[in-house]
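Undergrad: So that you have it, the file is coords.cif, and it contains mmCIF, C-alpha atoms and all ligand atoms:
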data_data
loop_
_atom_site.label_atom_id
_atom_site.label_comp_id
_atom_site.auth_asym_id
_atom_site.auth_seq_id
_atom_site.Cartn_x
_atom_site.Cartn_y
_atom_site.Cartn_z
CA MET A 137 0.00 0.00 0.00
CA THR A 138 1.49 3.39 -0.95
CA LEU A 139 1.77 6.14 1.60
CA THR A 140 -0.73 8.26 -0.35
CA THR A 141 -3.30 5.47 -0.08
CA LYS A 142 -2.69 5.30 3.68
CA ILE A 143 -3.13 9.06 3.99
CA LEU A 144 -6.31 8.83 1.95
CA ILE A 145 -7.63 6.12 4.26
CA GLY A 146 -6.73 8.28 7.29
CA MET A 147 -8.66 11.11 5.70
CA GLY A 148 -11.73 8.94 5.03
CA PHE A 149 -11.74 7.51 8.54
CA GLY A 150 -11.34 10.97 10.05
CA LEU A 151 -14.28 12.23 8.02
CA ILE A 152 -16.50 9.33 9.11
CA ILE A 153 -15.52 9.38 12.81
CA GLY A 154 -15.81 13.19 12.94
CA SER A 155 -19.25 13.16 11.31
CA LEU A 156 -20.42 10.38 13.67
CA ILE A 157 -19.26 12.39 16.70
CA ASN A 158 -21.04 15.43 15.33
CA ALA A 159 -24.26 13.51 14.83
CA PHE A 160 -24.35 11.42 18.00
CA ALA A 161 -21.84 12.54 20.58
CA MET A 162 -21.86 16.32 20.52
CA GLU A 163 -22.97 16.52 24.15
CA GLN A 164 -20.75 13.77 25.52
CA ALA A 165 -18.15 15.52 27.65
CA ILE A 166 -15.75 12.58 27.62
CA ILE A 167 -15.63 12.44 23.84
CA GLN A 168 -15.33 16.22 23.56
CA ASP A 169 -12.63 16.54 26.23
CA TYR A 170 -10.54 13.48 25.49
CA PHE A 171 -10.96 13.10 21.78
CA VAL A 172 -12.12 16.24 19.92
CA ASN A 173 -10.30 18.79 22.07
CA GLY A 174 -7.77 16.24 23.34
CA ILE A 175 -6.12 13.71 21.04
CA PHE A 176 -7.51 15.02 17.72
CA HIS A 177 -6.69 18.62 18.52
CA VAL A 178 -3.19 17.98 19.88
CA ILE A 179 -2.02 15.59 17.16
CA GLY A 180 -3.70 17.62 14.38
CA ALA A 181 -2.17 20.91 15.52
CA ALA A 182 1.23 19.29 16.07
CA PHE A 183 1.08 17.87 12.55
CA ILE A 184 0.27 21.29 11.05
CA ASN A 185 3.20 22.72 12.99
CA SER A 186 5.52 20.06 11.65
CA LEU A 187 4.48 20.95 8.10
CA LYS A 188 4.92 24.66 8.74
CA MET A 189 8.33 23.89 10.23
CA LEU A 190 9.49 22.69 6.81
CA VAL A 191 8.35 25.66 4.78
CA VAL A 192 10.96 28.36 5.48
CA PRO A 193 14.13 26.20 5.30
CA LEU A 194 12.83 24.25 2.32
CA VAL A 195 11.86 27.37 0.35
CA THR A 196 15.19 29.01 1.19
CA PHE A 197 17.48 26.17 0.10
CA SER A 198 15.33 25.18 -2.80
CA LEU A 199 15.10 28.76 -4.08
CA ILE A 200 18.87 29.24 -3.84
CA CYS A 201 19.31 26.05 -5.89
CA GLY A 202 16.62 27.24 -8.31
CA VAL A 203 18.21 30.63 -8.95
CA CYS A 204 21.68 29.10 -9.28
CA GLY A 205 20.20 26.45 -11.58
CA ILE A 206 18.79 29.14 -13.89
CA GLY A 207 22.10 30.94 -13.62
CA ASP A 208 20.97 33.97 -15.57
CA VAL A 209 19.21 37.03 -14.24
CA GLY A 210 17.38 37.67 -17.51
CA ALA A 211 15.76 34.21 -17.43
CA LEU A 212 14.88 34.71 -13.78
CA GLY A 213 13.10 37.98 -14.58
CA ARG A 214 11.25 36.25 -17.40
CA ILE A 215 10.01 33.47 -15.09
CA GLY A 216 9.00 36.09 -12.50
CA ILE A 217 7.02 38.22 -14.94
CA LYS A 218 5.42 35.25 -16.71
CA SER A 219 4.26 33.62 -13.48
CA PHE A 220 3.03 36.92 -12.04
CA LEU A 221 0.93 37.67 -15.12
CA LEU A 222 -0.42 34.12 -15.30
CA TYR A 223 -1.34 34.20 -11.62
CA ILE A 224 -3.27 37.43 -12.13
CA LEU A 225 -4.92 36.04 -15.25
CA THR A 226 -6.12 32.85 -13.54
CA THR A 227 -7.42 34.77 -10.52
CA GLY A 228 -9.21 37.18 -12.88
CA LEU A 229 -10.79 34.25 -14.74
CA ALA A 230 -11.80 32.62 -11.45
CA ILE A 231 -13.58 35.66 -10.02
CA SER A 232 -15.27 36.49 -13.33
CA LEU A 233 -16.58 32.92 -13.64
CA ALA A 234 -17.83 33.05 -10.05
CA LEU A 235 -19.63 36.38 -10.55
CA LEU A 236 -21.21 35.20 -13.80
CA ILE A 237 -22.55 31.99 -12.30
CA ALA A 238 -23.62 33.57 -9.01
CA ILE A 239 -25.50 36.36 -10.80
CA THR A 240 -27.25 33.78 -12.99
CA ILE A 241 -28.23 31.42 -10.16
CA ALA A 242 -28.79 34.28 -7.66
CA PRO A 243 -28.26 32.46 -4.32
CA GLY A 244 -29.74 34.23 -1.29
CA LYS A 245 -32.70 35.81 -3.10
CA ASP A 246 -35.26 34.33 -0.71
CA PHE A 247 -32.97 33.77 2.25
CA GLU A 248 -34.63 34.31 5.60
CA GLN A 249 -32.66 36.94 7.38
CA GLN A 250 -33.69 36.04 10.91
CA GLN A 251 -31.66 32.87 10.72
CA SER A 252 -28.95 32.80 13.31
CA SER A 253 -25.81 34.52 12.21
CA THR A 254 -22.55 34.59 14.06
CA GLU A 255 -21.07 37.94 14.91
CA PHE A 256 -18.23 38.79 12.56
CA VAL A 257 -15.68 41.38 13.50
CA ALA A 258 -13.47 42.20 10.55
CA LYS A 259 -9.78 42.20 11.29
CA ALA A 260 -7.87 45.09 9.83
CA SER A 261 -6.65 44.29 6.33
CA PRO A 262 -3.35 45.63 5.04
CA PRO A 263 -3.59 48.74 2.85
CA ILE A 264 -2.66 47.90 -0.74
CA THR A 265 0.23 50.40 -0.85
CA ASP A 266 1.83 48.67 2.15
CA VAL A 267 1.68 45.37 0.32
CA PHE A 268 4.17 46.63 -2.24
CA ILE A 269 6.41 48.43 0.25
CA ASN A 270 6.51 45.36 2.47
CA ILE A 271 7.84 43.06 -0.23
CA ILE A 272 11.25 44.39 0.78
CA PRO A 273 12.14 43.16 4.27
CA GLY A 274 13.43 45.86 6.60
CA ASN A 275 15.07 43.03 8.51
CA PRO A 276 15.50 39.68 6.74
CA ILE A 277 15.91 37.80 10.02
CA GLU A 278 12.49 39.06 11.09
CA ALA A 279 11.07 37.98 7.72
CA PHE A 280 12.47 34.47 8.23
CA ALA A 281 11.27 34.35 11.83
CA GLN A 282 7.76 35.36 10.84
CA GLY A 283 7.72 33.22 7.71
CA ASN A 284 6.79 36.20 5.53
CA MET A 285 6.94 34.47 2.18
CA LEU A 286 7.16 37.42 -0.21
CA GLN A 287 9.94 39.01 1.85
CA ILE A 288 11.82 35.72 2.07
CA ILE A 289 11.53 35.20 -1.68
CA PHE A 290 12.80 38.75 -2.31
CA PHE A 291 15.81 38.39 -0.03
CA VAL A 292 16.75 34.88 -1.11
CA ILE A 293 16.61 35.75 -4.81
CA LEU A 294 18.80 38.81 -4.23
CA PHE A 295 21.22 36.72 -2.18
CA ALA A 296 21.35 33.96 -4.81
CA ILE A 297 21.95 36.50 -7.59
CA ALA A 298 24.85 37.85 -5.54
CA MET A 299 26.12 34.28 -5.19
CA LEU A 300 26.11 33.93 -8.98
CA MET A 301 28.13 37.14 -9.20
CA THR A 302 30.81 36.09 -6.72
CA GLY A 303 32.32 33.27 -8.77
CA GLU A 304 34.15 30.50 -6.91
CA ILE A 305 32.87 31.43 -3.42
CA GLY A 306 29.30 31.55 -4.70
CA LEU A 307 29.76 28.21 -6.41
CA GLN A 308 30.87 26.54 -3.20
CA LEU A 309 27.87 27.99 -1.38
CA ALA A 310 25.58 26.75 -4.15
CA GLU A 311 26.93 23.23 -3.74
CA THR A 312 26.28 23.43 0.00
CA ALA A 313 22.75 24.72 -0.61
CA GLU A 314 22.17 21.77 -2.92
CA LYS A 315 23.22 19.33 -0.22
CA LEU A 316 21.08 21.10 2.37
CA ASN A 317 18.15 21.00 -0.03
CA GLU A 318 18.58 17.28 -0.50
CA VAL A 319 18.57 16.73 3.27
CA MET A 320 15.55 19.02 3.71
CA MET A 321 13.62 16.98 1.14
CA LYS A 322 14.34 13.94 3.30
CA VAL A 323 12.98 15.78 6.34
CA VAL A 324 9.80 16.31 4.31
CA THR A 325 9.62 12.55 3.72
CA LEU A 326 10.06 11.91 7.44
CA VAL A 327 7.16 14.21 8.30
CA MET A 328 5.08 12.53 5.58
CA ASP A 329 5.47 9.25 7.38
CA VAL A 330 3.22 10.44 10.18
CA ALA A 331 0.76 12.06 7.78
CA PRO A 332 -1.87 9.28 7.85
CA VAL A 333 -2.36 9.84 11.59
CA GLY A 334 -2.02 13.64 11.34
CA VAL A 335 -4.55 13.88 8.53
CA PHE A 336 -6.94 11.54 10.38
CA CYS A 337 -6.90 13.78 13.46
CA LEU A 338 -7.32 17.00 11.47
CA MET A 339 -10.31 15.60 9.61
CA ALA A 340 -11.89 14.05 12.73
CA LYS A 341 -11.61 17.37 14.60
CA THR A 342 -12.98 19.49 11.77
CA PHE A 343 -15.89 17.20 10.96
CA SER A 344 -16.88 16.69 14.58
CA GLU A 345 -17.39 20.45 14.73
CA GLN A 346 -18.95 20.92 11.28
CA GLY A 347 -22.22 19.10 10.94
CA LEU A 348 -24.82 19.04 8.24
CA ALA A 349 -26.99 21.31 10.38
CA LEU A 350 -24.69 24.23 9.62
CA ILE A 351 -24.76 23.62 5.90
CA LEU A 352 -28.47 23.09 5.28
CA PRO A 353 -29.67 26.70 5.67
CA MET A 354 -26.75 27.84 3.55
CA ILE A 355 -27.11 25.16 0.91
CA GLY A 356 -27.69 27.70 -1.89
CA TYR A 357 -24.48 29.62 -1.25
CA PHE A 358 -22.54 26.46 -0.44
CA SER A 359 -23.43 24.63 -3.63
CA VAL A 360 -22.83 27.61 -5.92
CA VAL A 361 -19.30 27.98 -4.48
CA ILE A 362 -18.63 24.27 -5.00
CA LEU A 363 -20.03 24.37 -8.54
CA CYS A 364 -17.72 27.27 -9.45
CA LEU A 365 -14.71 25.61 -7.79
CA LEU A 366 -15.33 22.44 -9.80
CA LEU A 367 -15.83 24.31 -13.07
CA HIS A 368 -12.63 26.28 -12.56
CA ALA A 369 -10.54 23.31 -11.43
CA LEU A 370 -11.77 20.86 -14.04
CA GLY A 371 -12.60 23.32 -16.83
CA THR A 372 -10.34 26.39 -16.82
CA PHE A 373 -7.24 24.59 -15.56
CA SER A 374 -7.70 21.65 -17.93
CA ILE A 375 -7.96 23.98 -20.91
CA LEU A 376 -4.90 25.97 -19.81
CA LEU A 377 -2.91 22.79 -19.17
CA THR A 378 -3.82 21.23 -22.51
CA VAL A 379 -3.32 24.34 -24.63
CA PHE A 380 -0.34 26.03 -22.97
CA ALA A 381 1.48 23.28 -21.07
CA LYS A 382 0.65 20.48 -23.56
CA LEU A 383 -0.13 18.14 -20.66
CA ASN A 384 -2.92 15.64 -20.18
CA PRO A 385 -5.10 17.16 -17.41
CA ILE A 386 -6.31 13.76 -16.21
CA ILE A 387 -2.77 12.54 -15.52
CA PHE A 388 -2.04 15.92 -13.94
CA ILE A 389 -4.98 15.69 -11.52
CA LYS A 390 -4.06 12.11 -10.58
CA LYS A 391 -0.47 13.08 -9.86
CA MET A 392 -1.56 16.06 -7.79
CA ARG A 393 -3.48 13.84 -5.37
CA PRO A 394 -1.03 13.94 -2.42
CA ALA A 395 -0.89 17.74 -2.57
CA HIS A 396 -4.69 17.88 -2.78
CA ILE A 397 -5.05 15.75 0.33
CA PHE A 398 -2.70 18.00 2.30
CA ALA A 399 -4.35 21.19 1.06
CA PHE A 400 -7.79 19.85 1.97
CA SER A 401 -6.88 18.69 5.45
CA THR A 402 -4.73 21.70 6.42
CA ALA A 403 -6.70 24.44 4.58
CA SER A 404 -3.40 26.21 4.05
CA SER A 405 -1.53 26.67 0.77
CA ASN A 406 1.52 27.76 2.76
CA ALA A 407 1.69 24.63 4.90
CA THR A 408 1.21 22.56 1.74
CA ILE A 409 4.23 24.12 -0.06
CA PRO A 410 6.59 21.21 0.78
CA VAL A 411 4.17 18.68 -0.69
CA THR A 412 3.29 20.80 -3.74
CA LEU A 413 7.00 21.24 -4.45
CA GLN A 414 7.71 17.57 -4.12
CA VAL A 415 4.79 16.56 -6.34
CA LEU A 416 5.69 19.06 -9.06
CA GLU A 417 9.37 18.15 -9.11
CA LYS A 418 9.30 14.42 -8.54
CA ARG A 419 5.93 13.35 -9.96
CA ILE A 420 5.12 15.90 -12.64
CA GLY A 421 8.68 16.51 -13.82
CA VAL A 422 9.07 20.28 -13.40
CA ASP A 423 12.67 21.27 -12.80
CA ASN A 424 13.58 22.78 -9.44
CA SER A 425 14.79 25.94 -11.21
CA THR A 426 11.17 26.81 -12.05
CA ALA A 427 9.14 25.22 -9.25
CA ALA A 428 11.33 26.55 -6.42
CA PHE A 429 10.22 30.05 -7.36
CA THR A 430 6.69 29.67 -8.73
CA VAL A 431 5.32 27.45 -5.92
CA PRO A 432 6.02 29.63 -2.85
CA PHE A 433 5.24 32.71 -4.95
CA GLY A 434 1.91 31.22 -6.00
CA ALA A 435 1.03 30.08 -2.48
CA THR A 436 1.25 33.73 -1.46
CA ILE A 437 -0.13 35.71 -4.38
CA ASN A 438 -2.40 33.27 -6.21
CA MET A 439 -5.73 32.25 -4.74
CA ASP A 440 -8.24 31.27 -7.37
CA GLY A 441 -10.47 29.29 -5.04
CA THR A 442 -10.57 32.14 -2.57
CA ALA A 443 -11.44 34.60 -5.34
CA ILE A 444 -14.33 32.31 -6.34
CA MET A 445 -15.66 32.29 -2.78
CA GLN A 446 -15.46 36.08 -2.72
CA GLY A 447 -17.38 36.45 -5.96
CA VAL A 448 -20.19 34.16 -4.85
CA ALA A 449 -20.26 35.61 -1.31
CA THR A 450 -20.58 39.16 -2.62
CA VAL A 451 -23.54 38.29 -4.83
CA PHE A 452 -25.10 36.19 -2.03
CA ILE A 453 -24.87 38.91 0.62
CA ALA A 454 -26.06 41.57 -1.84
CA ASN A 455 -29.11 39.38 -2.52
CA VAL A 456 -29.78 38.74 1.17
CA TYR A 457 -29.62 42.45 2.01
CA GLN A 458 -31.41 43.30 -1.24
CA ILE A 459 -28.70 45.62 -2.42
CA ASP A 460 -28.31 46.12 -6.16
CA LEU A 461 -24.77 46.04 -7.39
CA GLY A 462 -23.95 47.89 -10.59
CA PHE A 463 -21.48 47.11 -13.34
CA THR A 464 -18.75 49.36 -11.87
CA GLN A 465 -19.10 47.60 -8.55
CA TYR A 466 -18.61 44.23 -10.21
CA ILE A 467 -15.45 45.52 -11.89
CA THR A 468 -14.29 46.80 -8.49
CA ILE A 469 -14.94 43.35 -7.01
CA VAL A 470 -12.78 41.72 -9.72
CA GLY A 471 -9.93 44.20 -9.15
CA MET A 472 -10.17 44.05 -5.38
CA SER A 473 -10.09 40.26 -5.19
CA ILE A 474 -7.01 40.13 -7.41
CA LEU A 475 -5.25 42.73 -5.26
CA ALA A 476 -6.41 41.10 -2.04
CA SER A 477 -5.06 37.71 -3.10
CA ILE A 478 -1.67 39.28 -3.84
CA GLY A 479 -1.54 40.97 -0.46
CA THR A 480 -2.46 38.10 1.81
CA ALA A 481 -0.77 34.83 2.62
CA GLY A 482 -2.22 31.36 2.07
CA VAL A 483 -3.26 30.46 5.58
CA PRO A 484 -6.61 29.16 6.90
CA GLY A 485 -9.46 31.62 6.94
CA VAL A 486 -7.61 34.50 5.33
CA GLY A 487 -10.26 34.56 2.61
CA LEU A 488 -12.71 36.15 5.04
CA ILE A 489 -10.34 39.03 5.79
CA MET A 490 -9.99 39.58 2.07
CA LEU A 491 -13.76 39.46 1.73
CA ALA A 492 -14.08 42.23 4.33
CA MET A 493 -11.79 44.37 2.15
CA VAL A 494 -13.99 43.75 -0.88
CA PHE A 495 -17.19 44.50 1.05
CA ASN A 496 -15.81 47.78 2.38
CA GLN A 497 -14.88 48.83 -1.12
CA VAL A 498 -18.28 48.17 -2.71
CA GLY A 499 -20.30 49.26 0.32
CA LEU A 500 -21.80 45.94 1.39
CA PRO A 501 -22.42 45.39 5.13
CA VAL A 502 -19.34 43.67 6.58
CA GLU A 503 -21.46 42.05 9.30
CA GLY A 504 -23.07 40.05 6.47
CA ILE A 505 -19.95 37.88 6.58
CA GLY A 506 -21.30 36.50 9.87
CA LEU A 507 -23.91 34.64 7.81
CA ILE A 508 -21.38 32.60 5.88
CA LEU A 509 -18.98 32.07 8.78
CA GLY A 510 -20.47 28.75 9.83
CA VAL A 511 -19.78 27.02 6.54
CA ASP A 512 -16.51 28.75 5.82
CA ARG A 513 -14.16 26.13 7.22
CA LEU A 514 -15.41 23.44 4.86
CA LEU A 515 -15.28 25.78 1.89
CA ASP A 516 -11.81 26.91 2.99
CA MET A 517 -10.59 23.32 2.70
CA MET A 518 -12.03 22.98 -0.78
CA ARG A 519 -10.85 26.34 -2.09
CA THR A 520 -7.33 25.68 -0.81
CA VAL A 521 -7.27 22.61 -3.09
CA VAL A 522 -8.19 24.86 -6.02
CA ASN A 523 -5.62 27.47 -4.91
CA ILE A 524 -2.72 25.04 -5.04
CA THR A 525 -3.98 23.46 -8.27
CA GLY A 526 -3.77 26.96 -9.77
CA ASP A 527 -0.19 27.32 -8.51
CA ALA A 528 0.72 23.97 -10.05
CA THR A 529 -1.02 24.74 -13.37
CA VAL A 530 0.84 28.03 -13.77
CA THR A 531 4.10 26.32 -12.77
CA CYS A 532 3.61 23.75 -15.56
CA ILE A 533 2.83 26.44 -18.14
CA VAL A 534 5.91 28.46 -17.18
CA ALA A 535 8.05 25.31 -17.13
CA ARG A 536 6.87 24.33 -20.61
CA GLY A 537 7.84 27.79 -21.90
CA GLU A 538 11.23 27.55 -20.22
CA ASN A 539 11.84 23.97 -21.40
CA THR A 540 12.15 22.73 -17.85
CA LEU A 541 9.37 20.13 -17.95
CA ASP A 542 10.41 16.49 -18.31
CA ASP A 543 7.65 14.59 -20.14
CA THR A 544 9.13 11.19 -19.34
CA VAL A 545 8.63 11.88 -15.63
CA PHE A 546 5.12 13.19 -16.27
CA ASN A 547 4.13 10.14 -18.29
CA ASP A 548 5.61 7.65 -15.84
CA PRO A 549 2.81 6.73 -13.41
CA ASP A 550 5.28 5.56 -10.78
CA ALA A 551 7.63 8.52 -10.91
CA GLY A 552 8.26 10.01 -7.49
CA VAL A 553 5.53 8.10 -5.66
CA ILE A 554 5.82 9.25 -2.07
CA ALA A 555 7.32 6.32 -0.23
CA GLU A 556 7.70 5.57 3.42
CA ILE A 557 11.27 5.68 4.55
CA HIS A 558 12.84 3.36 7.01
CA LEU A 559 15.05 4.87 9.62
CA PRO A 560 18.59 3.53 9.50
CA HIS A 561 19.57 1.39 12.47
CA LYS A 562 22.67 2.21 14.38
CA ALA A 563 25.56 0.06 13.23
CA ALA A 564 26.40 -2.65 15.72
N1 LIG B 601 -6.89 28.87 3.19
C1 LIG B 601 -6.64 29.45 1.89
C2 LIG B 601 -5.23 29.11 1.45
O1 LIG B 601 -4.37 28.88 2.25
C3 LIG B 601 -6.85 30.92 1.89
C4 LIG B 601 -8.32 31.22 2.16
O2 LIG B 601 -9.11 31.11 1.21
O3 LIG B 601 -8.70 31.52 3.27
O4 LIG B 601 -4.96 29.07 0.29
#
Starting from the coordinates I provided, produce the structure as structure tokens.

TA:
Amino acid sequence: MTLTTKILIGMGFGLIIGSLINAFAMEQAIIQDYFVNGIFHVIGAAFINSLKMLVVPLVTFSLICGVCGIGDVGALGRIGIKSFLLYILTTGLAISLALLIAITIAPGKDFEQQQSSTEFVAKASPPITDVFINIIPGNPIEAFAQGNMLQIIFFVILFAIAMLMTGEIGLQLAETAEKLNEVMMKVVTLVMDVAPVGVFCLMAKTFSEQGLALILPMIGYFSVVILCLLLHALGTFSILLTVFAKLNPIIFIKKMRPAHIFAFSTASSNATIPVTLQVLEKRIGVDNSTAAFTVPFGATINMDGTAIMQGVATVFIANVYQIDLGFTQYITIVGMSILASIGTAGVPGVGLIMLAMVFNQVGLPVEGIGLILGVDRLLDMMRTVVNITGDATVTCIVARGENTLDDTVFNDPDAGVIAEIHLPHKAA
């Protein structure tokens, strides 16, 4: 049995056990204290931490190797611009599709307002101007300590370019970075070994708290978001992959499975970076020189699934509050969601903060977000899957253009299958 299958089984079991607890044992203090808020919470949170632990060192070493692998500042700039434009394009397509479908189906038209809504207090969102200023870290150590991805990318690229310019010394450092990267990839594999249990606990905890009762009153909104996510993931991405990356989308989706499982159970594109990187490099055949840059970059600035949620949520809340949105407001929504996805990191629940930005801009009541709060966690899991699929799609398109995509790896079903590793025993 492959590790991915084991993780998938962990996920399925977690979903079933969680849903059973939600349906039958919500009031049982023992189950709540010892399992939901005990074992499931502790192991799940520890597992997320162990994934997050990998992100900064892995991105750093891998990006240094990537830049040194490209070896030419012009090519680096080209990859940067291409991926940036493609990320904006896919987010633009996502939000436009969501608005179009939501306006047509009009969820929330006959929604009964008195239904219970949770209080939502919007956290302050970063002003757009700051987003650009803050790409440059005032203190790189602080950026590393806080895991600020855009700042880390900026500093590491600059550092690696300087390495290229310093000849022999830089070369020696590059060789060291390569070794460190290799070891870091092994650390990823070690963490993966405990993933079946980690994923089980995450799923059991989430589903014991999220029952059907929360979804039913919101079924209109919920299903329109899912419909748009599916259309974008299976439609838009498949077309882009076939036309621009010349890849078979079915094989692509199959190979992405481990990354999808991690994105779904963690609801965080950032925490999934190590798995996305590994899948793209080892299973899909994208060279490290492209993926090392486009994956962490995409996890931060590209959020197609989140943009879709925002489009549908805006139309839904406008319908509930019977507010008519005009054409200019729709254009503002498209622009705002693109900007918001650039300015915020891929962590759980950030989509709601971005939504508050959009609402403020078009004059919708921010407290309306309270209505969709209850079902947001589940949608967050699903849109994170779409977010990382977007990152991977753009990575493949850029790699095809740069000639850094190995079709033999892509067409080999067994390439890079995530395997369990066996710890070496101490020599006698
Ligand atoms: N959880 C999403 C991500 O990490 C962001 C969001 O939609 O809240 O990609």

Undergrad: Please provide the set of residues having any atom within 8 Å of Ser477 in chain A, restricted to all atoms listed in the file, with same-chain residues fewer than 3 positions apart removed, written as a PyMOL selection string.

TA: chain A and resi 436-439+442-443+473-474+480-481+490

Undergrad: What does the list of residues within 10 Å of ligand LIG 601 (chain B) look like if you count all atoms listed in the file, written as a PyMOL selection string?

TA: chain A and resi 399-400+402-408+434-446+477+480-491+512-513+515-524

Undergrad: Considering only C-alpha atoms, state which residue in the set A:Gly154, A:Gly499, A:Gly202, A:Gly510 is at the smallest distance from Phe343 in chain A.

TA: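 The shortest atom-to-atom distance to Phe343 in chain A comes from A:Gly154.
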
Undergrad: Mind checking which residues fall within 8 Å of Ala310 in chain A, counting all atoms listed in the file, ignoring those fewer than 4 positions away in the same chain, and posting them as a list of chain:residue names?

TA: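 Selected residues are A:Ile200, A:Cys201, A:Cys204, A:Met299, A:Gly306, A:Glu314.
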
Undergrad: For Val502 in chain A, which of A:Ala454, A:Ala476, A:Ile387, A:Ala181 is the closest residue, counting all atoms listed in the file?

TA: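 So, comparing all the options, the nearest one is A:Ala454.
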
Undergrad: If we count all atoms listed in the file and set the cut-off at 9 Å, which residues sit around range 346-355 of chain A, ignoring sequence neighbours fewer than 2 positions away in its own chain? Please answer as JSON, numbers by chain.

TA: {"A": [154, 155, 158, 159, 244, 247, 251, 341, 342, 343, 344, 357, 358, 359, 360, 507, 508, 510, 511, 513, 514]}

Undergrad: For each of A:Val534, A:Ala555, A:Ala331, A:Leu229, take the minimum atom-to-atom distance to Phe373 in chain A, counting all atoms listed in the file, then give the residue where this is smallest.

TA: A:Leu229

Undergrad: Using CA of Met472 in chain A and CA of Leu365 in chain A as the two end points, give the distance in Å to one decimal.

TA: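 These two atoms are separated by 19.1 Å.
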